[in-house]
Amino acid sequence: MLSKFEQVQQQWGGTSDVIDHWLVSRQQLLIDYCKLAGLPPFERNTRQLPTSSQLQLFCQQVVDYISAGHFKIYDMVMEKWNTAGYSPTEDISLLYASITQTTDPILNFTDRYSDIAEENTLTDLDKDLSSIGELLELRFGLEDSLIELISESLACPPGA
């Protein structure tokens with residue numbers, strides 16, 4: 001996920017303040033996910049579970065990222081696109097619908113782990129971290145495709 005992020009950052013970074021902020025948020029989310037999951041370059045030397053405060057912080061970052069996407073970034077990107085004289089294509093509408101389908105499963109993770117007590121055994125955490133990692137990767141790919149479709153259409157104005 002981190003190497004894919006670097007490609008996206010190179011491609012879209014610097015194109016807009018909104019996109020840059022979004023990519024910084026995504027980068028921090030990815031780093032914290034890798035730390036929680038013990039993935040490179042943050043492998044855990046000891047088989048130690050994350051603390052409840054680490055889980056709570058990650059859950060809050062997930063909620064913030066999802067919220068920023070739905071209530072700020074997608075709207076701003078779509079507004080810019082519509083201002084240029086375009087209306088959503090079927091491909092764009094389907095992509096956006098696919099992105100929204102990842103929201104509830106991702107938020108289910110945050111519901112489960114945001115208020116977890118220190119004494120909880122976290123028996124399903126590894127499985128749940130793997131699942132949310134897959135969902136985040138899917139969502140990021142869909143988001144990238146949406147931005148690409150919109151960007152490509154903006155490069156060729158209507159009637160050109």
# chains A, B, ... in the order shown; residues from 1 in each chain; ligands from 1
$ residues_around --residues "Gln28 of chain A" --least-positions-apart "4" --cutoff "10 Å" --atoms "only C-alpha atoms" --output "list in words"
Leu23, Val24, Asp32, Tyr33, Cys34, Phe58, Gln61 and Tyr65 of chain A
$ write_last_selection --atoms "N, CA, C and O atoms" --output "compact mmCIF listing (two decimals), in the first residue's frame"
# COMPACT_ATOMS: atom_id res chain seq x y z
N LEU A 23 -3.93 13.62 0.48
CA LEU A 23 -2.83 12.66 0.39
C LEU A 23 -2.02 12.62 1.69
O LEU A 23 -1.57 11.54 2.09
N VAL A 24 -1.84 13.75 2.34
CA VAL A 24 -1.14 13.77 3.63
C VAL A 24 -1.95 12.97 4.66
O VAL A 24 -1.39 12.18 5.43
N ASP A 32 0.08 4.76 10.25
CA ASP A 32 -0.48 4.27 11.51
C ASP A 32 -1.06 2.86 11.36
O ASP A 32 -0.98 2.05 12.27
N TYR A 33 -1.63 2.58 10.19
CA TYR A 33 -2.11 1.21 9.94
C TYR A 33 -0.94 0.23 9.98
O TYR A 33 -1.01 -0.82 10.62
N CYS A 34 0.14 0.57 9.30
CA CYS A 34 1.31 -0.32 9.27
C CYS A 34 1.89 -0.52 10.66
O CYS A 34 2.32 -1.62 11.01
N PHE A 58 -6.07 5.51 15.82
CA PHE A 58 -6.22 5.01 14.46
C PHE A 58 -7.69 5.09 14.02
O PHE A 58 -7.98 5.54 12.91
N GLN A 61 -8.57 8.57 13.12
CA GLN A 61 -8.00 8.94 11.83
C GLN A 61 -8.80 8.35 10.68
O GLN A 61 -8.99 9.00 9.65
N TYR A 65 -10.65 10.56 7.90
CA TYR A 65 -10.34 10.36 6.49
C TYR A 65 -11.62 10.13 5.68
O TYR A 65 -11.83 10.73 4.62
$ residues_around --residues "segment 110-117 of chain A" --least-positions-apart "4" --cutoff "8 Å" --atoms "only C-alpha atoms" --output "tab-separated table (two decimals) with all heavy atoms, in the first residue's frame"
chain	number	residue	atom	x	y	z
A	52	SER	N	-5.04	0.42	23.79
A	52	SER	CA	-6.36	0.96	23.44
A	52	SER	C	-6.24	2.38	22.91
A	52	SER	O	-6.98	2.76	22.00
A	52	SER	CB	-7.31	0.89	24.64
A	52	SER	OG	-6.84	1.70	25.69
A	55	LEU	N	-5.27	2.18	19.26
A	55	LEU	CA	-6.44	1.80	18.47
A	55	LEU	C	-7.42	2.96	18.33
A	55	LEU	O	-7.96	3.21	17.25
A	55	LEU	CB	-7.14	0.60	19.09
A	55	LEU	CG	-6.50	-0.76	18.82
A	55	LEU	CD1	-7.10	-1.83	19.72
A	55	LEU	CD2	-6.65	-1.13	17.36
A	56	GLN	N	-7.64	3.68	19.42
A	56	GLN	CA	-8.56	4.81	19.38
A	56	GLN	C	-8.06	5.90	18.42
A	56	GLN	O	-8.84	6.45	17.64
A	56	GLN	CB	-8.75	5.40	20.78
A	56	GLN	CG	-9.55	4.50	21.68
A	56	GLN	CD	-9.52	4.93	23.14
A	56	GLN	OE1	-8.81	5.87	23.52
A	56	GLN	NE2	-10.28	4.23	23.97
A	57	LEU	N	-6.78	6.19	18.46
A	57	LEU	CA	-6.21	7.19	17.56
A	57	LEU	C	-6.37	6.77	16.11
A	57	LEU	O	-6.79	7.56	15.26
A	57	LEU	CB	-4.73	7.42	17.88
A	57	LEU	CG	-3.99	8.39	16.95
A	57	LEU	CD1	-4.59	9.79	17.02
A	57	LEU	CD2	-2.51	8.42	17.29
A	59	CYS	N	-8.60	4.68	14.88
A	59	CYS	CA	-10.02	4.73	14.55
A	59	CYS	C	-10.47	6.15	14.26
A	59	CYS	O	-11.23	6.39	13.31
A	59	CYS	CB	-10.87	4.12	15.67
A	59	CYS	SG	-10.70	2.32	15.79
A	60	GLN	N	-9.99	7.11	15.04
A	60	GLN	CA	-10.34	8.51	14.80
A	60	GLN	C	-9.79	8.98	13.46
A	60	GLN	O	-10.45	9.70	12.72
A	60	GLN	CB	-9.84	9.40	15.93
A	60	GLN	CG	-10.28	10.84	15.80
A	60	GLN	CD	-11.80	10.98	15.74
A	60	GLN	OE1	-12.50	10.46	16.60
A	60	GLN	NE2	-12.30	11.66	14.73
A	62	VAL	N	-9.26	7.12	10.84
A	62	VAL	CA	-10.09	6.49	9.81
A	62	VAL	C	-11.38	7.28	9.62
A	62	VAL	O	-11.77	7.60	8.49
A	62	VAL	CB	-10.39	5.02	10.17
A	62	VAL	CG1	-11.45	4.44	9.24
A	62	VAL	CG2	-9.13	4.17	10.11
A	63	VAL	N	-12.04	7.61	10.72
A	63	VAL	CA	-13.29	8.38	10.64
A	63	VAL	C	-13.03	9.74	10.00
A	63	VAL	O	-13.80	10.18	9.12
A	63	VAL	CB	-13.93	8.52	12.04
A	63	VAL	CG1	-15.09	9.52	12.01
A	63	VAL	CG2	-14.41	7.16	12.54
A	106	ILE	N	-15.79	-0.29	6.75
A	106	ILE	CA	-14.64	0.35	7.39
A	106	ILE	C	-15.06	0.95	8.73
A	106	ILE	O	-14.36	0.79	9.74
A	106	ILE	CB	-14.01	1.41	6.47
A	106	ILE	CG1	-13.32	0.73	5.28
A	106	ILE	CG2	-13.01	2.28	7.24
A	106	ILE	CD1	-12.84	1.68	4.19
$ select_by_dssp --residues "segment 45-77 of chain A" --states "alpha helix (DSSP H)" --output "PDB file with C-alpha atoms, in the first residue's frame"
ATOM      1  CA  SER A  52      -6.359   0.955  23.441  1.00  0.00           C
ATOM      2  CA  SER A  53      -5.124   4.529  22.927  1.00  0.00           C
ATOM      3  CA  GLN A  54      -3.278   3.475  19.738  1.00  0.00           C
ATOM      4  CA  LEU A  55      -6.440   1.798  18.465  1.00  0.00           C
ATOM      5  CA  GLN A  56      -8.558   4.815  19.384  1.00  0.00           C
ATOM      6  CA  LEU A  57      -6.206   7.191  17.564  1.00  0.00           C
ATOM      7  CA  PHE A  58      -6.220   5.013  14.458  1.00  0.00           C
ATOM      8  CA  CYS A  59     -10.024   4.726  14.548  1.00  0.00           C
ATOM      9  CA  GLN A  60     -10.342   8.508  14.804  1.00  0.00           C
ATOM     10  CA  GLN A  61      -7.996   8.940  11.833  1.00  0.00           C
ATOM     11  CA  VAL A  62     -10.088   6.488   9.814  1.00  0.00           C
ATOM     12  CA  VAL A  63     -13.287   8.376  10.638  1.00  0.00           C
ATOM     13  CA  ASP A  64     -11.624  11.714   9.806  1.00  0.00           C
ATOM     14  CA  TYR A  65     -10.340  10.365   6.485  1.00  0.00           C
ATOM     15  CA  ILE A  66     -13.725   8.928   5.486  1.00  0.00           C
ATOM     16  CA  SER A  67     -15.512  12.129   6.540  1.00  0.00           C
ATOM     17  CA  ALA A  68     -13.092  14.361   4.657  1.00  0.00           C
ATOM     18  CA  TYR A  74     -15.367  14.455  -3.313  1.00  0.00           C
ATOM     19  CA  ASP A  75     -17.685  17.450  -3.228  1.00  0.00           C
ATOM     20  CA  MET A  76     -14.876  19.884  -4.077  1.00  0.00           C
ATOM     21  CA  VAL A  77     -13.544  17.705  -6.893  1.00  0.00           C
TER      22      VAL A  77
END
$ atom_distance --atom1 "atom CA of Asp124 of chain A" --atom2 "atom CA of Gly38 of chain A"
15.1 Å
$ closest_residue --among "A:Phe109, A:Ile19, A:Ala84, A:Leu95" --to "Asp126 of chain A" --atoms "only C-alpha atoms"
A:Phe109
$ atom_distance --atom1 "atom CA of Ser98 of chain A" --atom2 "atom CA of Leu135 of chain A"
11.4 Å
$ residues_around --residues "Leu94 of chain A" --least-positions-apart "5" --cutoff "12 Å" --atoms "only C-alpha atoms" --output "number ranges by chain"
A: 88-89, 99-101, 142-143, 145-146, 149
$ write_last_selection --atoms "C-alpha atoms" --output "PDB file, in the first residue's frame"
ATOM      1  CA  PRO A  88     -21.151  12.882 -14.135  1.00  0.00           C
ATOM      2  CA  THR A  89     -20.694   9.973 -16.487  1.00  0.00           C
ATOM      3  CA  ILE A  99     -16.393   3.983  -2.855  1.00  0.00           C
ATOM      4  CA  THR A 100     -19.442   4.530  -0.666  1.00  0.00           C
ATOM      5  CA  GLN A 101     -19.944   0.763  -0.395  1.00  0.00           C
ATOM      6  CA  LEU A 142     -11.267   3.469  -6.267  1.00  0.00           C
ATOM      7  CA  GLU A 143     -10.563   7.018  -5.100  1.00  0.00           C
ATOM      8  CA  SER A 145      -9.538   5.971 -10.319  1.00  0.00           C
ATOM      9  CA  LEU A 146     -12.210   8.577  -9.636  1.00  0.00           C
ATOM     10  CA  LEU A 149     -11.350  10.026 -14.581  1.00  0.00           C
TER      11      LEU A 149
END
$ closest_residue --among "A:Asn82, A:Phe140, A:Leu125, A:Asn120" --to "Ser25 of chain A" --atoms "only C-alpha atoms"
A:Phe140
